[in-house]
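Raw start06.pdb, PDB, C-alpha atoms:
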```
ATOM      1  CA  HIS A   1     160.595  91.269  85.579
ATOM      2  CA  GLY A   2     162.299  90.240  88.815
ATOM      3  CA  VAL A   3     164.657  92.697  90.484
ATOM      4  CA  PRO A   4     164.593  95.298  87.643
ATOM      5  CA  GLY A   5     160.793  95.293  87.717
ATOM      6  CA  ALA A   6     160.695  95.690  91.491
ATOM      7  CA  PHE A   7     163.225  98.538  91.303
ATOM      8  CA  MET A   8     161.173 100.280  88.599
ATOM      9  CA  THR A   9     158.032  99.914  90.715
ATOM     10  CA  LEU A  10     159.735 101.571  93.698
ATOM     11  CA  LEU A  11     160.973 104.437  91.531
ATOM     12  CA  ALA A  12     157.528 104.925  89.982
ATOM     13  CA  ILE A  13     155.753 104.940  93.354
ATOM     14  CA  SER A  14     158.231 107.475  94.735
ATOM     15  CA  ALA A  15     157.794 109.703  91.676
ATOM     16  CA  LEU A  16     153.995 109.446  91.834
ATOM     17  CA  ASP A  17     154.102 110.440  95.509
ATOM     18  CA  ARG A  18     156.123 113.545  94.581
ATOM     19  CA  ILE A  19     153.630 114.443  91.863
ATOM     20  CA  ALA A  20     150.658 113.902  94.182
ATOM     21  CA  ASP A  21     152.249 116.084  96.858
ATOM     22  CA  ARG A  22     152.128 118.968  94.366
ATOM     23  CA  GLY A  23     148.377 118.516  93.962
ATOM     24  CA  GLU A  24     148.345 117.357  90.332
ATOM     25  CA  THR A  25     145.159 115.424  89.478
ATOM     26  CA  ASP A  26     145.073 115.467  85.670
ATOM     27  CA  PRO A  27     145.850 111.878  84.491
ATOM     28  CA  ALA A  28     147.662 112.874  81.280
ATOM     29  CA  ALA A  29     149.727 115.504  83.099
ATOM     30  CA  ILE A  30     150.651 112.980  85.800
ATOM     31  CA  LEU A  31     151.884 110.520  83.170
ATOM     32  CA  GLY A  32     153.906 113.231  81.466
ATOM     33  CA  ARG A  33     155.560 114.298  84.710
ATOM     34  CA  LEU A  34     156.184 110.655  85.710
ATOM     35  CA  ASN A  35     157.898 110.037  82.372
ATOM     36  CA  GLU A  36     160.066 113.120  82.844
ATOM     37  CA  LEU A  37     161.077 112.203  86.403
ATOM     38  CA  LEU A  38     161.938 108.585  85.581
ATOM     39  CA  LYS A  39     164.020 109.578  82.572
ATOM     40  CA  GLN A  40     165.939 112.052  84.746
ATOM     41  CA  THR A  41     166.428 109.504  87.538
ATOM     42  CA  LEU A  42     167.647 106.776  85.181
ATOM     43  CA  HIS A  43     169.651 109.160  82.962
ATOM     44  CA  GLN A  44     167.780 107.937  79.915
ATOM     45  CA  GLU A  45     167.726 111.181  77.968
ATOM     46  CA  ASP A  46     171.033 110.007  76.474
ATOM     47  CA  ARG A  47     170.568 107.289  73.842
ATOM     48  CA  SER A  48     174.026 105.923  74.625
ATOM     49  CA  GLY A  49     172.993 104.880  78.140
ATOM     50  CA  THR A  50     173.594 101.327  79.322
ATOM     51  CA  THR A  51     169.981 100.576  80.267
ATOM     52  CA  ASP A  52     166.608 101.258  78.745
ATOM     53  CA  ASP A  53     163.964 100.602  81.394
ATOM     54  CA  GLY A  54     160.415 101.846  81.805
ATOM     55  CA  LEU A  55     156.859 100.787  82.491
ATOM     56  CA  ASP A  56     153.297 100.725  81.205
ATOM     57  CA  ILE A  57     150.601 102.398  83.300
ATOM     58  CA  GLY A  58     146.981 103.508  83.159
ATOM     59  CA  LEU A  59     145.425 106.180  85.378
ATOM     60  CA  CYS A  60     141.786 107.092  86.010
ATOM     61  CA  LEU A  61     140.366 110.159  87.704
ATOM     62  CA  MET A  62     136.853 109.918  89.113
ATOM     63  CA  ASP A  63     135.627 113.424  89.842
ATOM     64  CA  GLY A  64     131.963 113.607  90.735
ATOM     65  CA  GLU A  65     130.148 112.145  87.740
ATOM     66  CA  ASN A  66     133.161 112.417  85.431
ATOM     67  CA  LEU A  67     135.712 109.722  84.617
ATOM     68  CA  THR A  68     138.940 110.577  82.792
ATOM     69  CA  PHE A  69     141.483 107.989  81.620
ATOM     70  CA  ALA A  70     145.038 108.327  80.341
ATOM     71  CA  GLY A  71     147.296 105.416  79.483
ATOM     72  CA  ALA A  72     150.905 104.720  78.547
ATOM     73  CA  SER A  73     150.731 101.463  76.543
ATOM     74  CA  SER A  74     147.673 100.622  78.614
ATOM     75  CA  SER A  75     143.984 100.491  77.671
ATOM     76  CA  LEU A  76     140.714 100.907  79.545
ATOM     77  CA  HIS A  77     137.890  98.416  78.877
ATOM     78  CA  ARG A  78     134.358  99.537  79.672
ATOM     79  CA  VAL A  79     131.663  96.831  79.699
ATOM     80  CA  GLY A  80     128.062  98.042  79.862
ATOM     81  CA  ASP A  81     124.821  96.081  79.731
ATOM     82  CA  ASP A  82     124.888  95.802  75.957
ATOM     83  CA  ASP A  83     128.232  97.109  74.738
ATOM     84  CA  LEU A  84     132.001  96.962  75.061
ATOM     85  CA  GLN A  85     134.169 100.016  74.541
ATOM     86  CA  ILE A  86     137.956 100.187  74.640
ATOM     87  CA  TRP A  87     139.997 103.345  75.044
ATOM     88  CA  LYS A  88     143.565 102.794  73.894
ATOM     89  CA  GLY A  89     146.226 104.707  75.735
ATOM     90  CA  ASP A  90     149.179 106.323  74.009
ATOM     91  CA  LYS A  91     151.659 103.891  72.449
ATOM     92  CA  ARG A  92     154.587 105.475  74.279
ATOM     93  CA  SER A  93     155.486 103.781  77.568
ATOM     94  CA  ILE A  94     156.929 105.667  80.526
ATOM     95  CA  GLY A  95     160.649 106.279  80.943
ATOM     96  CA  TYR A  96     162.137 104.507  77.927
ATOM     97  CA  ARG A  97     164.727 106.321  75.814
ATOM     98  CA  ARG A  98     162.440 106.284  72.765
ATOM     99  CA  THR A  99     159.796 108.276  74.687
ATOM    100  CA  PRO A 100     160.640 112.013  74.606
ATOM    101  CA  ALA A 101     160.953 113.635  78.039
ATOM    102  CA  ASP A 102     158.314 116.205  77.041
ATOM    103  CA  TYR A 103     155.888 113.679  75.530
ATOM    104  CA  ALA A 104     152.261 114.812  76.009
ATOM    105  CA  TYR A 105     149.872 112.001  76.942
ATOM    106  CA  THR A 106     146.179 112.063  76.048
ATOM    107  CA  ASN A 107     143.134 112.257  78.314
ATOM    108  CA  HIS A 108     139.988 110.325  77.344
ATOM    109  CA  ARG A 109     136.578 111.298  78.707
ATOM    110  CA  ILE A 110     134.641 108.125  79.542
ATOM    111  CA  PRO A 111     130.844 108.188  79.145
ATOM    112  CA  ALA A 112     128.649 108.102  82.219
ATOM    113  CA  GLY A 113     126.265 105.260  82.993
ATOM    114  CA  GLU A 114     126.305 101.911  84.739
ATOM    115  CA  ALA A 115     129.290  99.876  83.593
ATOM    116  CA  SER A 116     132.324  97.912  84.746
ATOM    117  CA  CYS A 117     135.750  99.284  83.868
ATOM    118  CA  TYR A 118     138.958  97.263  83.669
ATOM    119  CA  LEU A 119     142.675  97.990  83.608
ATOM    120  CA  THR A 120     145.132  95.114  83.190
ATOM    121  CA  THR A 121     148.833  94.481  82.877
ATOM    122  CA  ASP A 122     150.006  92.954  79.607
ATOM    123  CA  GLY A 123     150.805  89.719  81.422
ATOM    124  CA  PHE A 124     147.246  88.511  80.796
ATOM    125  CA  TYR A 125     147.402  89.254  77.054
ATOM    126  CA  ASP A 126     150.858  87.724  76.661
ATOM    127  CA  GLN A 127     150.284  84.483  78.557
ATOM    128  CA  ASN A 128     150.809  81.565  76.214
ATOM    129  CA  GLY A 129     148.756  78.360  76.163
ATOM    130  CA  GLY A 130     145.786  76.843  74.372
ATOM    131  CA  ASP A 131     145.963  74.176  71.674
ATOM    132  CA  HIS A 132     148.600  76.012  69.641
ATOM    133  CA  ASP A 133     150.614  77.654  72.442
ATOM    134  CA  TYR A 134     149.571  81.158  71.317
ATOM    135  CA  SER A 135     149.263  84.151  73.614
ATOM    136  CA  PHE A 136     145.883  84.751  75.275
ATOM    137  CA  GLY A 137     145.534  87.987  73.314
ATOM    138  CA  LYS A 138     143.556  91.188  73.608
ATOM    139  CA  LYS A 139     140.545  89.957  71.633
ATOM    140  CA  ARG A 140     140.068  86.879  73.807
ATOM    141  CA  PHE A 141     140.492  89.038  76.922
ATOM    142  CA  ALA A 142     137.763  91.480  75.787
ATOM    143  CA  GLU A 143     135.397  88.620  74.885
ATOM    144  CA  MET A 144     135.970  87.109  78.339
ATOM    145  CA  LEU A 145     135.009  90.366  80.065
ATOM    146  CA  VAL A 146     131.751  90.542  78.099
ATOM    147  CA  ARG A 147     130.972  86.885  78.766
ATOM    148  CA  HIS A 148     131.200  87.330  82.548
ATOM    149  CA  ARG A 149     129.737  90.835  82.840
ATOM    150  CA  ASN A 150     126.586  89.716  84.714
ATOM    151  CA  LEU A 151     128.462  87.946  87.507
ATOM    152  CA  ALA A 152     128.983  89.480  90.928
ATOM    153  CA  VAL A 153     132.531  90.749  91.495
ATOM    154  CA  PRO A 154     133.810  87.730  93.528
ATOM    155  CA  GLU A 155     132.332  85.314  90.972
ATOM    156  CA  ARG A 156     133.754  87.356  88.094
ATOM    157  CA  LYS A 157     137.223  87.246  89.639
ATOM    158  CA  ALA A 158     136.998  83.472  90.027
ATOM    159  CA  ALA A 159     135.757  83.091  86.432
ATOM    160  CA  LEU A 160     138.682  85.091  85.033
ATOM    161  CA  GLU A 161     141.145  83.030  87.071
ATOM    162  CA  ARG A 162     139.561  79.766  85.857
ATOM    163  CA  GLU A 163     139.747  80.847  82.213
ATOM    164  CA  LEU A 164     143.374  81.878  82.558
ATOM    165  CA  GLU A 165     144.366  78.652  84.320
ATOM    166  CA  ALA A 166     142.519  76.521  81.753
ATOM    167  CA  TYR A 167     144.224  78.378  78.905
ATOM    168  CA  MET A 168     147.673  78.060  80.477
ATOM    169  CA  GLY A 169     147.347  74.321  80.996
ATOM    170  CA  SER A 170     150.829  73.048  81.785
ATOM    171  CA  GLU A 171     152.549  76.278  80.713
ATOM    172  CA  ARG A 172     154.223  78.383  83.384
ATOM    173  CA  GLN A 173     153.127  81.949  84.058
ATOM    174  CA  ARG A 174     155.319  84.244  81.965
ATOM    175  CA  ASP A 175     154.768  87.623  83.608
ATOM    176  CA  ASP A 176     153.022  89.392  86.456
ATOM    177  CA  ILE A 177     149.248  89.532  85.973
ATOM    178  CA  THR A 178     147.020  92.160  87.563
ATOM    179  CA  VAL A 179     143.430  93.030  86.653
ATOM    180  CA  LEU A 180     141.829  96.054  88.332
ATOM    181  CA  SER A 181     138.075  96.467  88.015
ATOM    182  CA  PHE A 182     135.733  99.174  89.263
ATOM    183  CA  ARG A 183     132.133 100.062  88.558
ATOM    184  CA  THR A 184     130.556 103.379  87.581
ATOM    185  CA  GLU A 185     126.915 103.759  88.531
ATOM    186  CA  TRP A 186     125.997 107.392  87.955
ATOM    187  CA  PRO A 187     123.168 108.102  85.473
ATOM    188  CA  SER A 188     124.157 108.744  81.871
ATOM    189  CA  ASN A 189     123.843 112.212  80.370
ATOM    190  CA  SER A 190     122.404 111.934  76.876
ATOM    191  CA  GLY A 191     123.746 115.346  75.954
ATOM    192  CA  GLU A 192     127.397 114.382  76.255
ATOM    193  CA  ARG A 193     128.651 110.888  75.395
ATOM    194  CA  GLY A 194     132.245 109.814  74.941
ATOM    195  CA  ARG A 195     133.483 107.592  72.163
ATOM    196  CA  GLY A 196     135.456 104.395  72.553
ATOM    197  CA  ASN A 197     137.845 102.750  70.126
ATOM    198  CA  GLN A 198     137.092  99.112  69.478
TER     199      GLN A 198
END
```
For the structure just supplied, provide its representation as structure tokens.
Amino acid sequence: HGVPGAFMTLLAISALDRIADRGETDPAAILGRLNELLKQTLHQEDRSGTTDDGLDIGLCLMDGENLTFAGASSSLHRVGDDDLQIWKGDKRSIGYRRTPADYAYTNHRIPAGEASCYLTTDGFYDQNGGDHDYSFGKKRFAEMLVRHRNLAVPERKAALERELEAYMGSERQRDDITVLSFRTEWPSNSGERGRGNQ
């Protein structure tokens, strides 16, 4: 949030540039190295430190007809013509003292086929509003993606913004909100299908 969030973003971008310069493309390995670099930079290996800052992040690698996802407190939603699948990233965020410097993140192989994939910051989930001033929540977010899956991308973006604004009502926005969407269109391979976690 605010200045600390902006500072963390700059550090993360710089670290990711260093990792990319070394040619690393494996999403889980990138997250592991990013965690290690940020902890070193912020001196957060020591539990007696004065700050405990970090970030959540999801990474995808599209390599030919393969899609690999790894997340640090971030999930990937995949919405097909007749199904919704969710791959949950590791529960450990990047950089915080409670995350070991050598923590090994997990890669998830995403099934081929025509589908829309989504990554989002937790600002969407955590936004309060509605009749009872509850957070928007992950379940409502997933249902919204399914409901608007047949819209063209510009219309889908507008629909998500309308739903969020209607839910917020008079409440102020609590956090940054970013939704990244991309579409996979390669043919599915029936011999090798990934599994999602609902």
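Residues in contact range of His43 in chain A, defined as at most 12 Å between all atoms listed in the file, with sequence neighbours fewer than 6 positions away removed, read Asn35, Glu36, Leu37, Gly49, Thr50, Thr51, Asp52, Asp53, Gly54, Gly95, Tyr96, Arg97 and Ala101 of chain A.
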> Within 6 Å of Asn107 in chain A, counting all atoms listed in the file, which residues qualify if same-chain residues fewer than 2 places away don't, as a ChimeraX atom specification?
Replying inline: /A:28,69-70
> A:Asp63, A:Pro111, A:Ser181, A:Ile13: which is nearest Pro154 in chain A, counting only C-alpha atoms?
Replying inline: A:Ser181
> Hey, can you check how far CA of Tyr167 in chain A sits from CA of Phe124 in chain A?
Replying inline: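 Taking CA of Tyr167 in chain A and CA of Phe124 in chain A, their separation equals 10.7 Å.
The nearest approach to Ile30 in chain A among the residues A:Gly130, A:Met8, A:Leu59, A:Phe182, with all atoms listed in the file taken into account, belongs to A:Leu59.
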>> One decimal, in Å: what's the spacing between CA of Leu42 in chain A and CA of Ile57 in chain A?
In response: 17.7 Å
> Which is closest to Arg109 in chain A among A:Glu185, A:Glu65, A:Asp175, A:Asp17, if we use all atoms listed in the file?
Replying inline: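 Result for the nearest residue to Arg109 in chain A: A:Glu65.
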>> Could you check the closest approach to Ile110 in chain A for each of A:Met62, A:Asn128, A:Ala142, A:Asp176 and tell me which residue wins, using only C-alpha atoms?
In response: A:Met62
> Lys157 in chain A: which residues within 12 Å, counting all atoms listed in the file, same-chain residues fewer than 5 positions away excluded, as a list in words?
Replying inline: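 In the requested format, the answer is Tyr118, Met144, Leu145, His148, Arg149, Asn150, Leu151, Ala152, Arg162, Glu163, Leu164, Thr178, Val179, Leu180 and Ser181 of chain A.
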> Is there a way to get, as a ChimeraX atom specification, all residues within 10 Å of the point (120.5, 101.8, 82.1) in file coordinates, counting all atoms listed in the file?
Replying inline: /A:80-82,113-115,185-188
>> Would you compute the distance between CA of Arg22 in chain A and CA of Gly89 in chain A? Give it in Å to one decimal.
In response: 24.2 Å
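Of the residues listed (A:Thr184, A:Gln85, A:Gln127, A:Ala159), A:Thr184 shows the shortest atom-to-atom separation from Ala112 in chain A; distances use all atoms listed in the file.
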Test item: axis-aligned box, all listed atoms of range 51-64 of chain A, 6 Å on each side, centre and edges in Å rounded to one decimal, as AutoDock Vina command-line options:
```
--center_x 151.0 --center_y 107.1 --center_z 84.7 --size_x 50.0 --size_y 25.0 --size_z 24.0
```
Please provide as a compact mmCIF listing (two decimals) with C-alpha atoms, in the coordinates of the input all residues within 9 Å of Arg98 in chain A, with the sequence filter that same-chain residues fewer than 4 positions apart are discarded (counting only C-alpha atoms).
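As a result, selection18.txt now contains:
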```txt
# COMPACT_ATOMS: atom_id res chain seq x y z
CA GLU A 45 167.73 111.18 77.97
CA ARG A 47 170.57 107.29 73.84
CA ASP A 52 166.61 101.26 78.74
CA ARG A 92 154.59 105.48 74.28
CA SER A 93 155.49 103.78 77.57
```
>> Would you pick out the contacts of Gly71 in chain A at 10 Å or less, using only C-alpha atoms, so that residues sharing its chain but fewer than 3 positions from it are not included, and give the list as a PyMOL selection string?
In response: chain A and resi 27-28+31+56-60+74-76+87-94+105-108+119
